[in-house]
Every structure is written in C-alpha cells, then in structure tokens.
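Enquirer: You'll find data-v3.cif just under this line, and it carries mmCIF, C-alpha atoms.
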data_start
loop_
_atom_site.label_atom_id
_atom_site.label_comp_id
_atom_site.auth_asym_id
_atom_site.auth_seq_id
_atom_site.Cartn_x
_atom_site.Cartn_y
_atom_site.Cartn_z
CA MET A 1 -11.00 8.08 13.18
CA ALA A 2 -13.86 9.85 11.49
CA LYS A 3 -13.43 10.15 7.73
CA ASP A 4 -14.54 13.78 7.83
CA LYS A 5 -11.72 14.74 10.22
CA VAL A 6 -8.98 13.85 7.74
CA GLN A 7 -8.18 15.76 4.58
CA LYS A 8 -9.23 13.49 1.71
CA THR A 9 -6.54 11.95 -0.44
CA ASN A 10 -6.92 10.89 -4.07
CA ALA A 11 -7.33 7.30 -2.89
CA MET A 12 -10.19 8.23 -0.53
CA ARG A 13 -11.91 10.39 -3.15
CA LEU A 14 -11.80 7.54 -5.68
CA LEU A 15 -13.23 5.07 -3.16
CA ASP A 16 -15.95 7.56 -2.18
CA ALA A 17 -16.80 8.22 -5.85
CA ALA A 18 -17.08 4.47 -6.48
CA GLY A 19 -19.39 4.09 -3.47
CA ILE A 20 -16.93 1.74 -1.77
CA ASP A 21 -17.15 1.55 1.99
CA TYR A 22 -13.78 1.60 3.73
CA SER A 23 -12.35 2.32 7.15
CA MET A 24 -9.37 4.43 8.10
CA ALA A 25 -6.76 4.35 10.80
CA SER A 26 -4.20 6.98 11.63
CA TYR A 27 -0.99 6.94 13.61
CA ASP A 28 1.87 9.25 14.49
CA TYR A 29 4.53 8.64 11.88
CA ASP A 30 8.22 9.20 12.45
CA GLU A 31 10.26 10.97 9.74
CA SER A 32 13.25 8.83 10.71
CA ASP A 33 11.25 5.58 10.36
CA LEU A 34 8.69 5.63 7.58
CA SER A 35 8.60 1.83 7.44
CA GLY A 36 5.39 -0.12 7.31
CA VAL A 37 6.61 -2.19 10.25
CA HIS A 38 6.61 1.02 12.32
CA ALA A 39 3.10 1.77 11.02
CA ALA A 40 1.87 -1.70 12.08
CA GLN A 41 3.37 -1.22 15.55
CA GLU A 42 1.79 2.22 15.93
CA LEU A 43 -1.58 0.87 14.76
CA GLY A 44 -1.30 -2.12 17.09
CA VAL A 45 -1.96 -4.66 14.33
CA SER A 46 -0.07 -7.60 12.87
CA GLU A 47 2.56 -6.85 10.24
CA ASP A 48 0.83 -9.52 8.13
CA VAL A 49 -2.19 -7.28 7.48
CA VAL A 50 -0.33 -4.03 6.74
CA PHE A 51 0.86 -3.70 3.15
CA LYS A 52 3.34 -1.35 1.49
CA THR A 53 3.19 -0.04 -2.05
CA LEU A 54 6.37 -0.38 -4.10
CA VAL A 55 6.87 1.27 -7.47
CA THR A 56 9.21 -0.29 -10.00
CA ARG A 57 10.48 0.12 -13.52
CA GLY A 58 10.52 -2.76 -15.98
CA ASP A 59 11.58 -3.29 -19.57
CA GLY A 60 11.18 -0.27 -21.82
CA ASN A 61 10.87 2.08 -18.83
CA ALA A 62 7.35 0.78 -18.00
CA ILE A 63 6.13 1.40 -14.43
CA PHE A 64 4.65 -1.40 -12.28
CA VAL A 65 3.18 -1.31 -8.78
CA PHE A 66 3.56 -4.08 -6.21
CA VAL A 67 1.68 -4.28 -2.90
CA ILE A 68 3.31 -6.58 -0.34
CA PRO A 69 3.29 -7.17 3.44
CA VAL A 70 5.37 -4.52 5.21
CA ALA A 71 7.80 -6.96 6.84
CA GLU A 72 8.55 -8.72 3.53
CA SER A 73 10.88 -7.93 0.62
CA LEU A 74 9.84 -7.85 -3.01
CA ASP A 75 11.38 -10.72 -4.96
CA LEU A 76 12.46 -8.90 -8.13
CA LYS A 77 12.57 -12.14 -10.15
CA LYS A 78 8.99 -13.02 -9.17
CA ALA A 79 7.92 -9.42 -9.83
CA ALA A 80 9.50 -9.47 -13.30
CA LYS A 81 7.83 -12.79 -14.12
CA ALA A 82 4.41 -11.62 -12.85
CA SER A 83 4.61 -8.43 -14.91
CA GLY A 84 6.01 -10.10 -18.04
CA ASN A 85 9.37 -8.34 -17.85
CA LYS A 86 12.93 -9.62 -18.18
CA SER A 87 13.89 -7.56 -15.14
CA ILE A 88 12.39 -5.11 -12.65
CA GLU A 89 14.11 -2.52 -10.49
CA MET A 90 12.85 -0.18 -7.80
CA ILE A 91 12.41 3.42 -8.93
CA HIS A 92 14.59 6.00 -7.23
CA VAL A 93 13.03 7.64 -4.15
CA LYS A 94 13.26 11.08 -5.77
CA GLU A 95 11.04 9.85 -8.64
CA ILE A 96 8.09 8.74 -6.47
CA LEU A 97 6.22 12.07 -6.45
CA ASP A 98 6.61 12.68 -10.19
CA ILE A 99 5.52 9.17 -11.13
CA THR A 100 2.75 8.54 -8.59
CA GLY A 101 1.65 11.90 -7.22
CA TYR A 102 2.41 10.58 -3.73
CA ILE A 103 5.40 10.98 -1.40
CA ARG A 104 7.63 8.30 0.11
CA GLY A 105 5.90 6.79 3.11
CA GLY A 106 2.51 7.83 1.76
CA CYS A 107 2.20 6.01 -1.56
CA SER A 108 -1.18 4.37 -2.14
CA PRO A 109 -1.95 1.77 -4.81
CA ILE A 110 -5.17 3.72 -5.48
CA GLY A 111 -5.26 7.15 -7.10
CA MET A 112 -1.81 7.46 -8.64
CA LYS A 113 -1.29 9.97 -11.48
CA LYS A 114 -1.75 7.11 -13.96
CA ALA A 115 -3.21 3.62 -13.69
CA TYR A 116 -0.13 1.41 -13.65
CA PRO A 117 -0.25 -2.40 -13.81
CA THR A 118 -0.63 -3.47 -10.18
CA PHE A 119 0.07 -6.74 -8.40
CA ILE A 120 -0.84 -7.66 -4.82
CA ASP A 121 0.96 -10.37 -2.89
CA GLU A 122 -1.28 -13.42 -2.71
CA THR A 123 -1.03 -13.52 1.10
CA ALA A 124 -3.44 -10.56 1.17
CA ILE A 125 -6.36 -12.87 0.44
CA LEU A 126 -5.73 -14.66 3.74
CA SER A 127 -7.03 -11.58 5.57
CA GLU A 128 -10.57 -10.26 5.64
CA LYS A 129 -9.22 -6.69 5.65
CA ILE A 130 -5.79 -5.25 4.94
CA TYR A 131 -4.24 -1.88 5.74
CA PHE A 132 -2.44 0.17 3.10
CA SER A 133 -1.47 3.80 2.69
CA ALA A 134 -4.30 6.24 2.10
CA GLY A 135 -1.87 8.42 0.16
CA LYS A 136 -0.66 10.42 3.11
CA ARG A 137 1.88 9.61 5.82
CA GLY A 138 0.23 8.41 9.00
CA VAL A 139 -3.11 7.48 7.41
CA GLN A 140 -4.10 3.97 6.34
CA ILE A 141 -7.13 2.68 4.46
CA ILE A 142 -8.59 -0.59 5.73
CA LEU A 143 -10.27 -2.58 2.98
CA ASP A 144 -11.12 -6.08 1.80
CA PRO A 145 -8.14 -7.16 -0.38
CA GLU A 146 -10.51 -8.40 -3.11
CA VAL A 147 -12.04 -4.92 -3.28
CA LEU A 148 -8.57 -3.34 -3.45
CA ALA A 149 -7.73 -5.67 -6.34
CA GLU A 150 -10.95 -4.71 -8.13
CA VAL A 151 -10.44 -0.96 -7.63
CA SER A 152 -6.77 -1.02 -8.63
CA ASN A 153 -7.31 -3.58 -11.41
CA ALA A 154 -4.69 -5.74 -9.71
CA GLU A 155 -4.01 -9.44 -9.66
CA PHE A 156 -2.87 -11.60 -6.76
CA VAL A 157 0.57 -13.16 -7.26
CA ASP A 158 3.37 -14.65 -5.16
CA LEU A 159 5.74 -11.67 -4.88
CA THR A 160 7.89 -12.03 -1.77
CA LYS A 161 11.19 -13.71 -1.00
#
For the file at hand, write its structure as structure tokens.
Expert:
Amino acid sequence: MAKDKVQKTNAMRLLDAAGIDYSMASYDYDESDLSGVHAAQELGVSEDVVFKTLVTRGDGNAIFVFVIPVAESLDLKKAAKASGNKSIEMIHVKEILDITGYIRGGCSPIGMKKAYPTFIDETAILSEKIYFSAGKRGVQIILDPEVLAEVSNAEFVDLTK
C-alpha cells in the first residue's frame, strides 16, 4: 500500500519526521474481532511477527506500555518486574483514548499523547521486521524491531506467559 494513500497517523508522522524508512500494510478489520491474531490472518503473515500494544497501570498510577506477539498473553508479574513495579494491571478499555490518543484496536507504541516507559517482548529481535499498529484500525507499520525500540525508547524483556 502506498504511504500517500493512507491518512497519516501520529506514529507515521513521527517516523517520517525522524527520517525513518518503514513499510505499511493494511487489512479489512472486523469490529467484532479486533484481535491481532485476526490482523495476522488478514495480512497473511505469521502471528509471531505481528505485535500488539498493551497499556497498563503500575504503582502510583504510572502508565507503562508493553508490546508483545498477538497470540501471547502479557505476564503481569514479568511486566511488573521489568517496569520496577510491585504490580501492574491493564487499563480499562474506556481509558485508552484519553491516555494514549489512540482507540482500541489501533493503539501504536509510537506517537502516544505522552512518552510512557515502553517494553518490547524479547522475541521481537528474532525477526528482521515486525508488524504493529500504525495508530489506526486496519493499518500496520512494518519496521525493524531494533528501530522500534530506538524510536519508542523501549527495552527488550521477557514479557509473555
């Protein structure tokens, strides 16, 4: 898909401004199934290379972002340890837009309202490129995971169950 055919998201604008080359892929999303597994199927790629962005709340109401493979579950104990918290919980779905500026099913680890501490599951480095939300349902950015980590100031950690 040509980059100029899609309305730019915050994530795309930030990558463009930083001079970072990326690819995009789009798919028809289904309101009744906004899962990343569905996205991987629609894109015709392995679930191992498509990552979802999860937003959590830690001690003292601090927000943390975790990027994990779509078919996996976030291990809250590992997430708490990685982020230096006693405990971590998922934010409520209705809070996503206010906290991130993105909607459920279209939350990107790049270009949120604020720069939150971000962690990427270490399995990402096994792939040359990974897919993650461009900040809009049905649109994915394809990027080297090391570049994603650099842009989002993230670290690679073991995060899944």
Enquirer: So the first atom is CA of Tyr102 (chain A) and the second is CA of Asp121 (chain A); what is the distance between them in Å, to one decimal place?
Expert: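 Distance between the two atoms: 21.0 Å.
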Enquirer: With only C-alpha atoms counted, which protein, DNA or RNA residues have an atom no more than 12 Å from (13.2, -8.9, -18.3) in the file frame? Please answer as a ChimeraX atom specification.
Expert: /A:57-62,76-89
Enquirer: CA of Ala154 (chain A) and CA of Glu95 (chain A) are how many Å apart?
Expert: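 Going from CA of Ala154 (chain A) over to CA of Glu95 (chain A), I get 22.2 Å.
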Enquirer: Apply the PyMOL selection byres ((chain A and resi 153) around 12) to the file shown and report the selected residues as a ChimeraX atom specification.
Expert: /A:65,109-111,115-120,145-152,154-156
Enquirer: Could you please take those selected residues and save C-alpha atoms as a PDB file, in the frame of the given file?
Expert:
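The resulting file, again.pdb, is shown below:
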ATOM      1  CA  VAL A  65       3.180  -1.310  -8.780  1.00  0.00           C
ATOM      2  CA  PRO A 109      -1.950   1.770  -4.810  1.00  0.00           C
ATOM      3  CA  ILE A 110      -5.170   3.720  -5.480  1.00  0.00           C
ATOM      4  CA  GLY A 111      -5.260   7.150  -7.100  1.00  0.00           C
ATOM      5  CA  ALA A 115      -3.210   3.620 -13.690  1.00  0.00           C
ATOM      6  CA  TYR A 116      -0.130   1.410 -13.650  1.00  0.00           C
ATOM      7  CA  PRO A 117      -0.250  -2.400 -13.810  1.00  0.00           C
ATOM      8  CA  THR A 118      -0.630  -3.470 -10.180  1.00  0.00           C
ATOM      9  CA  PHE A 119       0.070  -6.740  -8.400  1.00  0.00           C
ATOM     10  CA  ILE A 120      -0.840  -7.660  -4.820  1.00  0.00           C
ATOM     11  CA  PRO A 145      -8.140  -7.160  -0.380  1.00  0.00           C
ATOM     12  CA  GLU A 146     -10.510  -8.400  -3.110  1.00  0.00           C
ATOM     13  CA  VAL A 147     -12.040  -4.920  -3.280  1.00  0.00           C
ATOM     14  CA  LEU A 148      -8.570  -3.340  -3.450  1.00  0.00           C
ATOM     15  CA  ALA A 149      -7.730  -5.670  -6.340  1.00  0.00           C
ATOM     16  CA  GLU A 150     -10.950  -4.710  -8.130  1.00  0.00           C
ATOM     17  CA  VAL A 151     -10.440  -0.960  -7.630  1.00  0.00           C
ATOM     18  CA  SER A 152      -6.770  -1.020  -8.630  1.00  0.00           C
ATOM     19  CA  ALA A 154      -4.690  -5.740  -9.710  1.00  0.00           C
ATOM     20  CA  GLU A 155      -4.010  -9.440  -9.660  1.00  0.00           C
ATOM     21  CA  PHE A 156      -2.870 -11.600  -6.760  1.00  0.00           C
TER      22      PHE A 156
END
Enquirer: Between CA of His38 (chain A) and CA of Glu128 (chain A), what is the spacing in Å?
Expert: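 If I compute the distance from CA of Glu128 (chain A) to CA of His38 (chain A), I get 21.6 Å.
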Enquirer: Under the rule that all atoms listed in the file are counted, which of A:Ile141, A:Ala134, A:Ala71, A:Leu15 is the nearest residue to Gln41 (chain A)?
Expert: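 Nearest candidate to Gln41 (chain A) out of A:Ile141, A:Ala134, A:Ala71, A:Leu15: A:Ala71.
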Enquirer: Each residue of region 120-153 of chain A lying at most 8 Å from region 16-36 of chain A should get a row with its shortest atom-to-atom pair and the distance in Å to one decimal, counting all atoms listed in the file; could you produce that, ordered by chain and increasing number, as JSON lines?
Expert:
{"residue": "A:Arg137", "atom": "CA", "partner": "A:Tyr29", "partner_atom": "CA", "distance": 6.7}
{"residue": "A:Gly138", "atom": "CA", "partner": "A:Tyr27", "partner_atom": "CA", "distance": 5.0}
{"residue": "A:Val139", "atom": "CA", "partner": "A:Ser26", "partner_atom": "CA", "distance": 4.4}
{"residue": "A:Gln140", "atom": "CA", "partner": "A:Ala25", "partner_atom": "CA", "distance": 5.2}
{"residue": "A:Ile141", "atom": "CA", "partner": "A:Met24", "partner_atom": "CA", "distance": 4.6}
{"residue": "A:Ile142", "atom": "CA", "partner": "A:Ser23", "partner_atom": "CA", "distance": 5.0}
{"residue": "A:Leu143", "atom": "CA", "partner": "A:Tyr22", "partner_atom": "CA", "distance": 5.5}
Enquirer: Output C-alpha atoms for every residue in that selection, as an mmCIF file, keeping the file's coordinate frame.
Expert:
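New file again33.cif:
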data_model
loop_
_atom_site.group_PDB
_atom_site.id
_atom_site.type_symbol
_atom_site.label_atom_id
_atom_site.label_comp_id
_atom_site.auth_asym_id
_atom_site.auth_seq_id
_atom_site.Cartn_x
_atom_site.Cartn_y
_atom_site.Cartn_z
ATOM 1 C CA ARG A 137 1.880 9.610 5.820
ATOM 2 C CA GLY A 138 0.230 8.410 9.000
ATOM 3 C CA VAL A 139 -3.110 7.480 7.410
ATOM 4 C CA GLN A 140 -4.100 3.970 6.340
ATOM 5 C CA ILE A 141 -7.130 2.680 4.460
ATOM 6 C CA ILE A 142 -8.590 -0.590 5.730
ATOM 7 C CA LEU A 143 -10.270 -2.580 2.980
#
Enquirer: For this structure, which residues satisfy the selection - the PyMOL selection byres ((chain A and resi 92) around 12) - when it is evaluated on the file as given? I want them as an MDAnalysis selection string.
Expert: chainID A and resid 54:57 89:91 93:99 103:104
Enquirer: Near Ser108 (chain A), counting only C-alpha atoms, which residues have an atom at most 8 Å away, once you skip same-chain residues fewer than 5 positions from it, shown as JSON, numbers by chain?
Expert: {"A": [11, 53, 102, 132, 133, 134, 135]}
Enquirer: Assuming the input is short of atoms at region 54-72 of chain A, produce N, CA and C atoms for that part as a short mmCIF file (atom, residue, chain, number, x, y, z; two decimals), in the coordinates of the input.
Expert:
data_model
loop_
_atom_site.label_atom_id
_atom_site.label_comp_id
_atom_site.auth_asym_id
_atom_site.auth_seq_id
_atom_site.Cartn_x
_atom_site.Cartn_y
_atom_site.Cartn_z
N LEU A 54 5.05 -0.56 -3.50
CA LEU A 54 6.37 -0.38 -4.10
C LEU A 54 6.21 -0.09 -5.59
N VAL A 55 6.95 0.87 -6.07
CA VAL A 55 6.87 1.27 -7.47
C VAL A 55 8.18 0.91 -8.16
N THR A 56 8.03 0.25 -9.30
CA THR A 56 9.21 -0.29 -10.00
C THR A 56 9.20 0.12 -11.47
N ARG A 57 10.33 -0.12 -12.09
CA ARG A 57 10.48 0.12 -13.52
C ARG A 57 10.89 -1.19 -14.17
N GLY A 58 10.21 -1.53 -15.26
CA GLY A 58 10.52 -2.76 -15.98
C GLY A 58 11.14 -2.46 -17.33
N ASP A 59 11.05 -3.43 -18.21
CA ASP A 59 11.58 -3.29 -19.57
C ASP A 59 10.94 -2.08 -20.25
N GLY A 60 11.72 -1.39 -21.06
CA GLY A 60 11.18 -0.27 -21.82
C GLY A 60 10.68 0.87 -20.96
N ASN A 61 11.21 0.98 -19.74
CA ASN A 61 10.87 2.08 -18.83
C ASN A 61 9.44 2.02 -18.28
N ALA A 62 8.73 0.91 -18.48
CA ALA A 62 7.35 0.78 -18.00
C ALA A 62 7.32 0.74 -16.47
N ILE A 63 6.28 1.34 -15.89
CA ILE A 63 6.13 1.40 -14.43
C ILE A 63 5.15 0.31 -13.98
N PHE A 64 5.49 -0.35 -12.87
CA PHE A 64 4.65 -1.40 -12.28
C PHE A 64 4.57 -1.17 -10.78
N VAL A 65 3.42 -1.52 -10.21
CA VAL A 65 3.18 -1.31 -8.78
C VAL A 65 2.99 -2.68 -8.11
N PHE A 66 3.66 -2.84 -6.97
CA PHE A 66 3.56 -4.08 -6.21
C PHE A 66 3.16 -3.76 -4.78
N VAL A 67 2.20 -4.51 -4.25
CA VAL A 67 1.68 -4.28 -2.90
C VAL A 67 1.98 -5.55 -2.10
N ILE A 68 2.85 -5.41 -1.10
CA ILE A 68 3.31 -6.58 -0.34
C ILE A 68 3.27 -6.30 1.15
N PRO A 69 3.27 -7.37 1.98
CA PRO A 69 3.29 -7.17 3.44
C PRO A 69 4.51 -6.35 3.85
N VAL A 70 4.32 -5.47 4.83
CA VAL A 70 5.37 -4.52 5.21
C VAL A 70 6.66 -5.15 5.71
N ALA A 71 6.59 -6.34 6.29
CA ALA A 71 7.80 -6.96 6.84
C ALA A 71 8.53 -7.81 5.79
N GLU A 72 7.98 -7.88 4.59
CA GLU A 72 8.55 -8.72 3.53
C GLU A 72 9.35 -7.89 2.53
#
